[in-house]
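Peer 1: Below is one structure. I have some questions about it.
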Amino acid sequence: MNPKSLDFPVAKLSGRKGIRFFAPYLLCVAAIGAPNDIARAQSADEILKGVRASENKVQLRATQVVQRGASREVATLYRSGIKRRLEWSAPGVRAGDVLVDDGQTVTLFHRADNTAIQTQSAHRAPVVLSGDWKVSAPIQQNGRTVRVLSRDKGREMTIDAKTNAILRVKNGGEVTNLQNVDYGAVAPAKFQFSAPAGVQILKTEGRLFGDLGAARGFASWLQAPADLPAGYALESAIAGKDEVWLRYSNGKKRFSLFQQKTSDSDLALQKVNGAWFWRKNGLRFVATGAPENAVAAMAK
């Protein structure tokens, strides 16, 4: 269903231009720089300084695996400086999905829906934050010398000691891992999006997130479903000044939940033309594609 037919101004998402990537996109941060003296002990600040100094120059191809509990996503990742491309192969609902960031715009194509969303690029590599990181001694993993940085709440980063590439990120119960990393030049054509036949690109000034907490940091007013259908988890969020578009999937199916600020009074849940509508606490909600037996719980 076209969001426009629901009288929800998805194509007019507003707010500061740009896009910020979080996990699964955070692991795209990687770099090739001058060889490090990997035998010398380095502090976390020194290691992170090396990552920041060279992350805009990386060129690589890798398999990116994101594990969230029982959910597992697999994609081929290409990087060339701030440009990136992700081609998903699993789970089934994401197979064939493509994300292309050419340094100016970001396009996210959903094969199953035959739709594409386009917004502004951040024009920079993702930010790597400092903090109270503890550094392990150099160890060998998959034929590479790496250092593991760890801190509270189960957060870890595994960094290639030679190239300063981030090979693995653990954030609580979510793990993003790069496998089969191949450093080297990537063809410029990889960072050009060619829309498949029949696909219309929906352009928006909202910001794309892969993490609900990060989306809330940009739009603190958004309300996640009170009770998600069994097996579903957030796939992506586009947040603007007054509107939010959340996509959830269970690996086989996905549904959308749109939210928009409103001054109208509350409205009980109702179904119109196959979509579910309700208003609550100053927000207008529209759910499309959601399991019918779960909508009432989401609207609580």
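Going through the structure tokens in order, the chains are called A, B, and so on, while each chain numbers its residues from 1 and the ligands are numbered from 1 in the order shown.
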Using only C-alpha atoms, I'd like a table of the residues in range 205-277 of chain A that come within 12 Å of range 91-107 of chain A; for each, show the closest atom pair and its distance in Å rounded to one decimal, ordered by chain and ascending number, as CSV.

Peer 2:
```
residue,atom,partner,partner_atom,distance
A:Glu205,CA,A:Thr105,CA,10.5
A:Gly206,CA,A:Val106,CA,11.2
A:Arg207,CA,A:Val106,CA,10.0
A:Leu208,CA,A:Val106,CA,9.0
A:Phe209,CA,A:Val106,CA,11.9
A:Tyr232,CA,A:Val93,CA,11.9
A:Glu235,CA,A:Arg94,CA,9.4
A:Ser236,CA,A:Arg94,CA,11.6
A:Arg247,CA,A:Arg94,CA,11.9
A:Tyr248,CA,A:Val93,CA,10.7
A:Ser249,CA,A:Val93,CA,7.6
A:Asn250,CA,A:Val93,CA,8.1
A:Gly251,CA,A:Pro91,CA,5.0
A:Lys252,CA,A:Val93,CA,4.7
A:Lys253,CA,A:Val93,CA,5.9
A:Arg254,CA,A:Val93,CA,7.3
A:Phe255,CA,A:Val93,CA,10.9
```

Peer 1: Write to file, as a short mmCIF file (atom, residue, chain, number, x, y, z; two decimals), in the first residue's frame, the residues of the selection just made, with C-alpha atoms.

Peer 2:
```cif
data_model
loop_
_atom_site.label_atom_id
_atom_site.label_comp_id
_atom_site.auth_asym_id
_atom_site.auth_seq_id
_atom_site.Cartn_x
_atom_site.Cartn_y
_atom_site.Cartn_z
CA GLU A 205 14.62 14.61 4.19
CA GLY A 206 14.21 12.30 7.19
CA ARG A 207 17.16 10.43 8.69
CA LEU A 208 17.65 6.68 8.40
CA PHE A 209 18.40 4.56 11.48
CA TYR A 232 9.25 -9.34 14.87
CA GLU A 235 14.38 -3.41 10.53
CA SER A 236 14.73 0.34 9.89
CA ARG A 247 9.58 -1.04 9.54
CA TYR A 248 9.49 -4.36 11.41
CA SER A 249 10.14 -7.86 10.09
CA ASN A 250 10.30 -11.46 11.30
CA GLY A 251 12.64 -12.63 8.53
CA LYS A 252 9.76 -13.70 6.28
CA LYS A 253 7.30 -10.79 6.43
CA ARG A 254 7.46 -7.08 7.26
CA PHE A 255 5.02 -4.37 8.26
#
```

Peer 1: With only C-alpha atoms as the counted atoms, please give the residues lying no more than 12 Å from Ala268 in chain A, apart from itself and same-chain residues fewer than 5 positions off, as a count of residues only.

Peer 2: 11

Peer 1: With distances taken over only C-alpha atoms, which of A:Ala137, A:Val181, A:Leu86, A:Val199 is nearest to Glu73 in chain A?

Peer 2: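 Of all the options, A:Leu86 lies closest to Glu73 in chain A.
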
Peer 1: Could you pull out all residues of range 131-267 of chain A with a DSSP call of strand (DSSP E) and give them as a PyMOL selection string?

Peer 2: chain A and resi 134-135+139-141+144-151+155-160+166-171+174-183+201-203+207-209+233-239+243-249+254-261+267

Peer 1: Quick one: of A:Thr119, A:Ser150, A:Asn177, A:Gln67, who's nearest to Asp132 in chain A, counting only C-alpha atoms?

Peer 2: A:Ser150

Peer 1: Just the number, please: distance in Å from CA of Ser71 in chain A to CA of Val146 in chain A, one decimal.

Peer 2: 26.6 Å

Peer 1: Please, which residues of range 39-197 of chain A, numbered as in this document, come out alpha helix (DSSP H) from DSSP, as JSON, numbers by chain?

Peer 2: {"A": [44, 45, 46, 47, 48, 49, 50, 51, 52, 53, 54]}

Peer 1: To one decimal place in Å, what is the distance between CA of Ala44 in chain A and CA of Ile166 in chain A?

Peer 2: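 These atoms are spaced 13.2 Å apart.
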
Peer 1: I'd like the interatomic distance between CA of Ala294 in chain A and CA of Val65 in chain A, to a tenth of an Å.

Peer 2: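 Atom-to-atom, CA of Ala294 in chain A and CA of Val65 in chain A are spaced 29.2 Å apart.
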
Peer 1: Here is a test: counting only C-alpha atoms, which residue of A:Leu108, A:Lys170, A:Thr115, A:Leu149 is nearest to Ala237 in chain A?

Peer 2: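 The answer is A:Leu108, which sits nearest to Ala237 in chain A.
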
Peer 1: What lies within 7 Å of Trp245 in chain A using only C-alpha atoms, ignoring chain neighbours under 4 positions off, as a PyMOL selection string?

Peer 2: chain A and resi 237-239+256-259

Peer 1: Compile the contact shell of Tyr78 in chain A as a PDB file with C-alpha atoms, in the first residue's frame: residues with an atom at most 10 Å away, counting only C-alpha atoms, same-chain residues fewer than 3 positions apart removed.

Peer 2:
```pdb
ATOM      1  CA  CYS A  28      30.955  -0.033   7.864  1.00  0.00           C
ATOM      2  CA  VAL A  58      39.096   2.495   3.363  1.00  0.00           C
ATOM      3  CA  GLN A  59      38.440   0.305   0.336  1.00  0.00           C
ATOM      4  CA  LEU A  60      37.190  -3.208   1.031  1.00  0.00           C
ATOM      5  CA  ARG A  61      34.709  -5.964   0.315  1.00  0.00           C
ATOM      6  CA  ALA A  62      33.379  -8.199   3.107  1.00  0.00           C
ATOM      7  CA  THR A  63      30.473 -10.315   4.309  1.00  0.00           C
ATOM      8  CA  GLN A  64      28.587  -8.523   7.079  1.00  0.00           C
ATOM      9  CA  ALA A  75      24.879  -8.888   3.472  1.00  0.00           C
ATOM     10  CA  GLY A  81      35.909   6.089   1.694  1.00  0.00           C
ATOM     11  CA  LYS A  83      30.785   5.557  -0.021  1.00  0.00           C
ATOM     12  CA  ARG A  84      29.192   2.216   0.813  1.00  0.00           C
ATOM     13  CA  ARG A  85      26.935  -0.487  -0.537  1.00  0.00           C
ATOM     14  CA  LEU A  86      25.087  -3.329   1.224  1.00  0.00           C
ATOM     15  CA  GLU A  87      23.495  -6.241  -0.658  1.00  0.00           C
ATOM     16  CA  VAL A 100      23.738   2.517  -1.717  1.00  0.00           C
ATOM     17  CA  VAL A 181      37.462  -9.151   4.443  1.00  0.00           C
ATOM     18  CA  ASP A 182      39.247  -8.287   1.199  1.00  0.00           C
ATOM     19  CA  TYR A 183      41.044  -4.928   1.169  1.00  0.00           C
ATOM     20  CA  ALA A 185      39.897  -0.925  -4.756  1.00  0.00           C
ATOM     21  CA  VAL A 186      36.137  -1.182  -5.340  1.00  0.00           C
ATOM     22  CA  ALA A 187      34.643  -0.417  -8.767  1.00  0.00           C
ATOM     23  CA  LYS A 190      29.122  -0.341  -7.025  1.00  0.00           C
ATOM     24  CA  PHE A 191      28.104   3.037  -5.596  1.00  0.00           C
TER      25      PHE A 191
END
```

Peer 1: Given only C-alpha atoms as the basis, pick out the residue of A:Trp88, A:Trp133, A:Phe109, A:Phe218 nearest to Ala195 in chain A.

Peer 2: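 The shortest atom-to-atom distance to Ala195 in chain A comes from A:Phe109.
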